file data39.txt (compact mmCIF, C-alpha atoms)
# COMPACT_ATOMS: atom_id res chain seq x y z
CA MET A 293 -15.07 -8.48 26.50
CA LYS A 294 -12.25 -8.93 24.08
CA ARG A 295 -12.71 -7.85 20.54
CA SER A 296 -12.01 -10.23 17.81
CA ARG A 297 -8.54 -10.08 16.37
CA PHE A 298 -8.08 -6.61 14.90
CA ILE A 299 -7.49 -7.52 11.32
CA PRO A 300 -9.82 -6.19 8.68
CA SER A 301 -11.28 -8.73 6.38
CA ALA A 302 -10.73 -8.39 2.67
CA GLY A 303 -12.94 -5.68 1.29
CA VAL A 304 -13.38 -3.85 4.58
CA LEU A 305 -10.36 -1.67 4.09
CA LEU A 306 -10.77 -0.46 0.56
CA PHE A 307 -8.66 1.88 -1.49
CA VAL A 308 -10.59 4.26 -3.63
CA LEU A 309 -8.66 6.64 -5.81
CA HIS A 310 -10.37 9.99 -5.51
CA LEU A 311 -11.52 11.71 -8.67
CA ALA A 312 -9.86 14.94 -7.55
CA MET A 313 -6.56 13.38 -8.45
CA LEU A 314 -7.67 12.90 -12.01
CA ALA A 315 -8.57 16.56 -12.20
CA HIS A 316 -4.92 17.34 -11.47
CA GLY A 317 -3.81 15.39 -14.50
CA PHE A 318 -3.23 11.85 -13.28
CA GLU A 319 -4.70 9.61 -15.94
CA PRO A 320 -5.53 5.92 -15.65
CA HIS A 321 -4.27 3.49 -18.26
CA PRO A 322 -5.68 0.00 -17.81
CA ASP A 323 -2.84 -1.64 -19.69
CA GLY A 324 -0.36 -2.48 -17.00
CA GLU A 325 0.62 -5.86 -15.72
CA PHE A 326 2.27 -6.75 -12.45
CA GLN A 327 3.05 -10.35 -11.64
CA ALA A 328 0.37 -11.53 -14.03
CA VAL A 329 -2.25 -9.33 -12.38
CA ASP A 330 -4.03 -6.71 -14.44
CA VAL A 331 -3.14 -3.36 -13.03
CA VAL A 332 -4.46 0.10 -13.72
CA THR A 333 -1.61 2.57 -13.87
CA TYR A 334 -2.19 6.18 -12.90
CA PHE A 335 0.31 8.38 -14.68
CA GLY A 336 1.32 11.78 -13.47
CA THR A 337 4.24 13.93 -12.44
CA THR A 338 5.88 14.06 -9.06
CA ASP A 339 4.93 17.69 -8.46
CA GLN A 340 1.23 16.82 -8.48
CA GLU A 341 -0.89 16.09 -5.44
CA ILE A 342 -2.43 12.66 -5.14
CA LYS A 343 -5.48 11.91 -3.07
CA VAL A 344 -6.05 8.38 -1.85
CA SER A 345 -9.00 7.38 0.29
CA TRP A 346 -10.27 4.17 1.78
CA ASP A 347 -13.29 2.88 3.67
CA HIS A 348 -13.20 3.38 7.42
CA ASN A 349 -12.39 0.23 9.29
CA ASP A 350 -14.94 -1.19 11.69
CA PRO A 351 -14.23 -0.59 14.51
CA VAL A 352 -12.76 2.81 13.68
CA PRO A 353 -9.07 2.66 14.59
CA ASP A 354 -7.04 5.30 16.39
CA TYR A 355 -5.17 6.00 13.20
CA TYR A 356 -4.26 4.68 9.81
CA GLU A 357 -0.71 4.26 8.68
CA ILE A 358 0.14 4.82 5.04
CA THR A 359 3.30 3.96 3.18
CA LEU A 360 4.42 3.78 -0.40
CA TYR A 361 6.31 0.87 -1.87
CA HIS A 362 8.72 1.91 -4.61
CA VAL A 363 8.62 -0.93 -7.11
CA GLU A 364 11.83 -0.23 -9.04
CA ARG A 365 13.89 0.10 -5.86
CA GLY A 366 12.03 -2.61 -4.00
CA ILE A 367 11.82 -0.53 -0.85
CA GLU A 368 9.36 1.32 1.25
CA SER A 369 9.61 4.97 0.43
CA PRO A 370 11.81 6.61 3.02
CA ALA A 371 9.49 9.58 2.76
CA GLY A 372 6.63 7.26 3.75
CA ILE A 373 3.43 9.24 3.90
CA GLY A 374 2.58 9.01 7.58
CA LYS A 375 -0.42 8.60 9.82
CA THR A 376 -3.93 10.02 9.85
CA ASP A 377 -7.16 9.45 11.71
CA GLU A 378 -9.08 10.31 8.57
CA ASN A 379 -9.86 7.88 5.79
CA ARG A 380 -7.99 9.80 3.12
CA ILE A 381 -4.66 11.42 2.57
CA VAL A 382 -3.18 13.87 0.11
CA PHE A 383 0.49 13.64 -0.77
CA LYS A 384 3.08 13.96 -3.48
CA LEU A 385 5.26 11.17 -4.69
CA PRO A 386 8.78 11.45 -3.26
CA ARG A 387 10.45 10.52 -6.55
CA SER A 388 9.76 9.08 -9.97
CA GLY A 389 8.81 5.47 -10.55
CA HIS A 390 6.01 3.03 -9.81
CA PHE A 391 4.48 3.13 -6.36
CA ILE A 392 2.09 0.82 -4.57
CA ALA A 393 0.08 2.41 -1.77
CA ARG A 394 -0.25 0.45 1.47
CA VAL A 395 -2.59 1.23 4.36
CA ARG A 396 -3.20 -0.42 7.71
CA ALA A 397 -5.41 0.39 10.68
CA CYS A 398 -3.88 0.74 14.14
CA LEU A 399 -4.95 0.98 17.77
CA GLU A 400 -2.76 2.70 20.34
CA SER A 401 -3.66 0.20 23.05
CA SER A 402 -3.62 -3.57 23.14
CA GLU A 403 -6.23 -3.64 25.92
CA HIS A 404 -9.09 -4.96 23.86
CA VAL A 405 -7.16 -6.62 21.11
CA GLU A 406 -6.81 -10.33 21.17
CA GLY A 407 -3.49 -11.60 19.98
CA CYS A 408 -1.67 -8.29 20.29
CA GLU A 409 0.79 -8.13 23.16
CA THR A 410 2.66 -4.96 22.31
CA PRO A 411 0.91 -1.82 21.06
CA PRO A 412 0.36 -0.31 18.67
CA CYS A 413 -1.83 -3.09 17.35
CA CYS A 414 -2.18 -2.85 13.62
CA SER A 415 -4.02 -4.72 10.96
CA GLU A 416 -2.22 -6.35 8.10
CA TRP A 417 -1.34 -4.09 5.23
CA SER A 418 -3.89 -3.57 2.50
CA GLU A 419 -2.18 -2.92 -0.80
CA SER A 420 -3.40 -1.10 -3.88
CA ILE A 421 -1.92 -3.88 -5.99
CA ASP A 422 -4.34 -6.37 -4.45
CA PRO A 423 -7.60 -6.49 -6.40
CA GLU A 424 -9.30 -7.99 -3.35
CA VAL A 425 -9.00 -4.67 -1.51
CA ALA A 426 -8.29 -2.12 -4.23
CA SER A 427 -10.78 -0.49 -6.51
CA VAL A 428 -10.88 1.79 -9.53
CA ASP A 429 -14.03 3.72 -10.31
CA GLY A 430 -15.86 1.63 -7.74
CA GLN A 431 -14.87 -1.65 -9.31
CA PRO A 432 -12.43 -4.14 -7.75
CA ARG A 433 -9.18 -3.52 -9.56
CA ALA A 434 -5.53 -3.40 -8.68
CA TRP A 435 -3.75 -0.12 -9.28
CA TRP A 436 -0.46 1.59 -8.85
CA ILE A 437 0.90 5.03 -9.55
CA TYR A 438 3.65 6.01 -11.93
CA GLY A 439 5.20 9.38 -11.21
CA HIS A 440 7.39 11.05 -13.77
CA VAL A 441 9.74 13.93 -13.14
CA ALA A 442 7.95 17.21 -13.90
CA GLY A 443 9.28 19.37 -16.69
CA PRO A 444 10.67 22.86 -16.20
CA GLY A 445 8.62 25.92 -17.04
CA ASP A 446 8.57 27.90 -20.25
CA ILE A 447 11.90 29.00 -21.69
CA VAL A 448 12.60 32.71 -21.61
CA ILE A 449 15.18 34.23 -23.94
CA ASN A 450 17.21 37.18 -22.71
CA SER A 451 19.51 38.81 -25.24
CA ASP A 452 21.76 41.80 -24.92
CA PRO A 453 20.16 44.86 -26.49
CA MET B 49 39.19 36.72 -30.37
CA ALA B 50 35.70 37.91 -31.16
CA LYS B 51 33.24 39.04 -28.53
CA LEU B 52 29.94 37.24 -28.93
CA LYS B 53 26.60 38.69 -28.06
CA ASP B 54 25.00 37.15 -24.98
CA VAL B 55 21.96 34.97 -25.52
CA LYS B 56 20.74 33.76 -22.19
CA ILE B 57 17.93 31.36 -21.62
CA SER B 58 16.17 30.81 -18.34
CA PHE B 59 13.24 28.75 -17.18
CA PRO B 60 11.30 28.08 -13.98
CA ALA B 61 12.57 25.03 -12.11
CA SER B 62 10.70 21.75 -12.11
CA GLY B 63 8.50 21.19 -9.08
CA SER B 64 9.62 17.60 -8.63
CA PRO B 65 11.58 16.71 -5.49
CA ASP B 66 14.08 14.41 -7.16
CA VAL B 67 15.45 16.66 -9.89
CA ALA B 68 19.18 16.16 -10.33
CA GLY B 69 19.64 18.70 -13.10
CA TYR B 70 18.52 20.07 -16.41
CA LYS B 71 19.38 19.41 -20.02
CA LEU B 72 19.16 21.64 -23.06
CA TYR B 73 18.30 20.27 -26.49
CA MET B 74 18.77 22.29 -29.63
CA GLU B 75 17.91 21.73 -33.30
CA GLU B 76 18.16 24.01 -36.29
CA ALA B 77 14.73 24.96 -37.64
CA PRO B 78 12.65 23.73 -39.34
CA ASN B 79 13.64 20.41 -37.77
CA PRO B 80 11.72 19.78 -34.55
CA VAL B 81 13.71 19.58 -31.34
CA ASN B 82 13.38 16.24 -29.59
CA TYR B 83 15.23 13.82 -27.34
CA ASP B 84 17.55 12.83 -30.21
CA SER B 85 18.70 16.41 -30.80
CA PRO B 86 22.15 17.60 -29.72
CA SER B 87 22.11 18.29 -26.01
CA TRP B 88 24.01 19.94 -23.19
CA ASP B 89 23.89 19.20 -19.48
CA LEU B 90 23.15 22.36 -17.56
CA GLY B 91 23.72 21.01 -14.08
CA THR B 92 21.26 22.46 -11.63
CA GLU B 93 21.30 25.90 -13.24
CA THR B 94 18.02 27.25 -14.56
CA SER B 95 19.65 29.94 -16.65
CA VAL B 96 22.58 29.75 -19.02
CA ASP B 97 24.41 31.85 -21.55
CA LEU B 98 24.29 29.76 -24.71
CA ALA B 99 27.62 31.06 -25.99
CA THR B 100 29.39 29.50 -22.99
CA LEU B 101 28.30 25.94 -23.76
CA ASP B 102 30.98 23.65 -25.17
CA GLY B 103 30.38 22.79 -28.80
CA MET B 104 27.70 25.41 -29.30
CA THR B 105 27.02 26.09 -32.94
CA SER B 106 28.83 28.92 -34.61
CA ARG B 107 26.38 28.86 -37.48
CA ASP B 108 23.86 31.64 -37.71
CA GLY B 109 20.31 30.46 -37.90
CA ILE B 110 16.94 29.93 -36.38
CA TYR B 111 16.88 27.22 -33.74
CA ASN B 112 14.33 25.30 -31.74
CA LEU B 113 15.28 24.86 -28.09
CA GLY B 114 14.05 22.41 -25.49
CA VAL B 115 14.83 21.96 -21.82
CA VAL B 116 14.03 18.98 -19.64
CA ALA B 117 14.45 18.11 -15.99
CA VAL B 118 16.44 14.98 -15.22
CA ASP B 119 15.97 12.96 -12.07
CA ASP B 120 18.69 11.09 -10.22
CA ALA B 121 17.84 7.89 -12.10
CA GLY B 122 18.38 9.61 -15.46
CA ASN B 123 14.72 9.86 -16.39
CA GLU B 124 13.91 12.95 -18.39
CA SER B 125 10.76 15.00 -18.08
CA SER B 126 8.53 16.28 -20.81
CA MET B 127 10.25 19.00 -22.81
CA SER B 128 9.64 22.69 -22.48
CA ILE B 129 10.11 24.02 -26.01
CA LYS B 130 10.88 27.44 -27.45
CA GLU B 131 10.75 27.54 -31.21
CA GLY B 132 12.21 30.01 -33.66
CA VAL B 133 15.04 31.45 -31.62
CA ALA B 134 17.44 33.53 -33.73
CA ILE B 135 21.02 32.72 -32.86
CA ASP B 136 24.03 34.44 -34.32
CA PHE B 137 27.25 33.30 -32.75
CA ALA B 138 29.29 33.83 -35.90
CA ALA B 139 31.28 37.00 -35.53
CA PRO B 140 31.93 38.89 -38.76
CA ASP B 141 35.41 38.95 -40.18
CA PRO B 142 37.52 41.62 -38.59
CA PRO B 143 38.22 44.73 -40.59
CA GLY B 144 41.50 45.02 -42.46
CA GLY B 145 44.73 46.40 -41.15
CA ILE B 146 44.56 49.74 -39.57
CA VAL B 147 46.34 52.38 -41.47
CA VAL B 148 47.45 55.52 -39.79
CA GLU B 149 47.75 58.48 -42.11
CA ARG B 150 49.61 61.55 -41.21
CA SER B 151 48.16 64.78 -42.40
call {"tool": "encode", "arguments": {"input": "data39.txt", "output": "structure tokens"}}
result
Amino acid sequence: MKRSRFIPSAGVLLFVLHLAMLAHGFEPHPDGEFQAVDVVTYFGTTDQEIKVSWDHNDPVPDYYEITLYHVERGIESPAGIGKTDENRIVFKLPRSGHFIARVRACLESSEHVEGCETPPCCSEWSESIDPEVASVDGQPRAWWIYGHVAGPGDIVINSDP
Amino acid sequence: MAKLKDVKISFPASGSPDVAGYKLYMEEAPNPVNYDSPSWDLGTETSVDLATLDGMTSRDGIYNLGVVAVDDAGNESSMSIKEGVAIDFAAPDPPGGIVVERS
């Protein structure tokens, strides 16, 4: 029996920003706007780890693919975060700027996937900027991340005796 | 030419992957050092001898220093600040002419 087309419905593949990230200093500021959509901005520095998690798809895929979209440059991050079979990932931003996280679910085989001729068969991207699939503190809310370059350490003065 | 005493500053590098260099800011105390203070590009060096920087003050005094990391887009990080640094790059006047006396 063929499965239905392997595309998660809105709300099935959720982004949930893990609280552990906040403990590392990323702070939410619900004052951003992006294309007339209210956006929560998480501020932090690019040397900090970020943890993003999402609800497992049903059926559970072979892996999830995660990328970052760099807003200022208008490109997918070349450092792209990668793949995982877990429903969370920890990473650091590759550079400063605003980033939108994108996740999709993929199957290695097209055997049971209707409408997919060439594997891997992946769902459409779910984006953190989409309030239909993104959440903040358990509430539907669009979000993005702003990473700022981290400062150097404390200055040390060395003078000749 | 006078020989100036070395005053070197150093700092741990930023942990960000896109750091293009560092910048030093300096302001005479009691004025706070900030992003409008006189500044020097340090390149990628995380230590520098202040006396070697072009345009460094030759006025003795107490200074507040700040260093920032700069990314390749020109964004500057938060500032690491060291206040109350005594700097004396003004050499005293040389002594007068040497007189050789024969006994």
call {"tool": "closest_atom_pairs", "arguments": {"input": "data39.txt", "of": "chain B", "to": "chain A", "cutoff": "10 Å", "atoms": "all atoms listed in the file", "output": "tab-separated table"}}
result
residue	atom	partner	partner_atom	distance
B:Lys53	CA	A:Asp452	CA	6.6
B:Asp54	CA	A:Asp452	CA	5.7
B:Val55	CA	A:Ser451	CA	4.6
B:Lys56	CA	A:Asn450	CA	4.9
B:Ile57	CA	A:Ile449	CA	4.6
B:Ser58	CA	A:Val448	CA	5.2
B:Phe59	CA	A:Ile447	CA	4.7
B:Pro60	CA	A:Gly445	CA	4.6
B:Ala61	CA	A:Pro444	CA	5.0
B:Ser62	CA	A:Pro444	CA	4.2
B:Gly63	CA	A:Asp339	CA	5.0
B:Ser64	CA	A:Asp339	CA	4.7
B:Pro65	CA	A:Pro386	CA	6.4
B:Asp66	CA	A:Arg387	CA	5.4
B:Val67	CA	A:Val441	CA	7.1
B:Tyr70	CA	A:Pro444	CA	8.3
B:Thr94	CA	A:Pro444	CA	8.7
B:Ser95	CA	A:Val448	CA	9.1
B:Val96	CA	A:Asn450	CA	9.9
B:Asp97	CA	A:Asn450	CA	9.0
B:Leu113	CA	A:Ile447	CA	8.3
B:Gly114	CA	A:Ile447	CA	7.9
B:Val115	CA	A:Pro444	CA	7.0
B:Val116	CA	A:Gly443	CA	5.6
B:Ala117	CA	A:Gly443	CA	5.4
B:Val118	CA	A:Val441	CA	7.1
B:Asp119	CA	A:Val441	CA	6.4
B:Asp120	CA	A:Arg387	CA	9.0
B:Ala121	CA	A:Ser388	CA	8.4
B:Gly122	CA	A:Val441	CA	9.9
B:Asn123	CA	A:Val441	CA	7.2
B:Glu124	CA	A:Val441	CA	6.8
B:Ser125	CA	A:Gly443	CA	4.8
B:Ser126	CA	A:Gly443	CA	5.2
B:Met127	CA	A:Gly443	CA	6.2
B:Ser128	CA	A:Asp446	CA	5.8
B:Ile129	CA	A:Ile447	CA	6.8
B:Lys130	CA	A:Ile447	CA	6.1
B:Glu131	CA	A:Ile447	CA	9.7
B:Val133	CA	A:Ile449	CA	8.2
B:Ile135	CA	A:Ser451	CA	9.9
call {"tool": "atom_distance", "arguments": {"input": "data39.txt", "atom1": "CA of Phe391 (chain A)", "atom2": "CA of Ala434 (chain A)"}}
result
12.2 Å
call {"tool": "atom_distance", "arguments": {"input": "data39.txt", "atom1": "CA of Asn112 (chain B)", "atom2": "CA of Met74 (chain B)"}}
result
5.8 Å
call {"tool": "atom_distance", "arguments": {"input": "data39.txt", "atom1": "CA of Ile381 (chain A)", "atom2": "CA of Tyr355 (chain A)"}}
result
11.9 Å
call {"tool": "closest_residue", "arguments": {"input": "data39.txt", "among": "B:Glu93, B:Ile110, B:Ala68, B:Leu98", "to": "Val81 (chain B)", "atoms": "all atoms listed in the file"}}
result
B:Ile110
call {"tool": "residues_around", "arguments": {"input": "data39.txt", "residues": "Thr359 (chain A)", "least_positions_apart": "4", "cutoff": "8 Å", "atoms": "only C-alpha atoms", "output": "list in words"}}
result
Glu368, Ser369, Gly372, Ile373, Gly374, Ala393, Arg394 and Val395 of chain A
call {"tool": "residues_around", "arguments": {"input": "data39.txt", "residues": "Thr376 (chain A)", "least_positions_apart": "2", "cutoff": "9 Å", "atoms": "all atoms listed in the file", "output": "number ranges by chain"}}
result
A: 354-358, 374, 378-381
call {"tool": "write_last_selection", "arguments": {"input": "data39.txt", "atoms": "C-alpha atoms", "output": "mmCIF file, keeping the file's coordinate frame"}}
result
data_model
loop_
_atom_site.group_PDB
_atom_site.id
_atom_site.type_symbol
_atom_site.label_atom_id
_atom_site.label_comp_id
_atom_site.auth_asym_id
_atom_site.auth_seq_id
_atom_site.Cartn_x
_atom_site.Cartn_y
_atom_site.Cartn_z
ATOM 1 C CA ASP A 354 -7.040 5.300 16.390
ATOM 2 C CA TYR A 355 -5.170 6.000 13.200
ATOM 3 C CA TYR A 356 -4.260 4.680 9.810
ATOM 4 C CA GLU A 357 -0.710 4.260 8.680
ATOM 5 C CA ILE A 358 0.140 4.820 5.040
ATOM 6 C CA GLY A 374 2.580 9.010 7.580
ATOM 7 C CA GLU A 378 -9.080 10.310 8.570
ATOM 8 C CA ASN A 379 -9.860 7.880 5.790
ATOM 9 C CA ARG A 380 -7.990 9.800 3.120
ATOM 10 C CA ILE A 381 -4.660 11.420 2.570
#
call {"tool": "residues_near_point", "arguments": {"input": "data39.txt", "point": "(7.8, 1.7, -5.2)", "cutoff": "6 Å", "atoms": "all atoms listed in the file", "output": "MDAnalysis selection string"}}
result
chainID A and resid 361:364 390:392
call {"tool": "residues_around", "arguments": {"input": "data39.txt", "residues": "Leu90 (chain B)", "least_positions_apart": "6", "cutoff": "7 Å", "atoms": "only C-alpha atoms", "output": "count of residues only"}}
result
4
call {"tool": "residues_near_point", "arguments": {"input": "data39.txt", "point": "(-5.7, -1.1, -3.7)", "cutoff": "12 Å", "atoms": "all atoms listed in the file", "output": "MDAnalysis selection string"}}
result
chainID A and resid 302:309 331:333 344:347 360 391:396 417:437
call {"tool": "closest_residue", "arguments": {"input": "data39.txt", "among": "A:Tyr438, A:Glu406, A:Arg365, A:Cys398", "to": "Phe335 (chain A)", "atoms": "all atoms listed in the file"}}
result
A:Tyr438
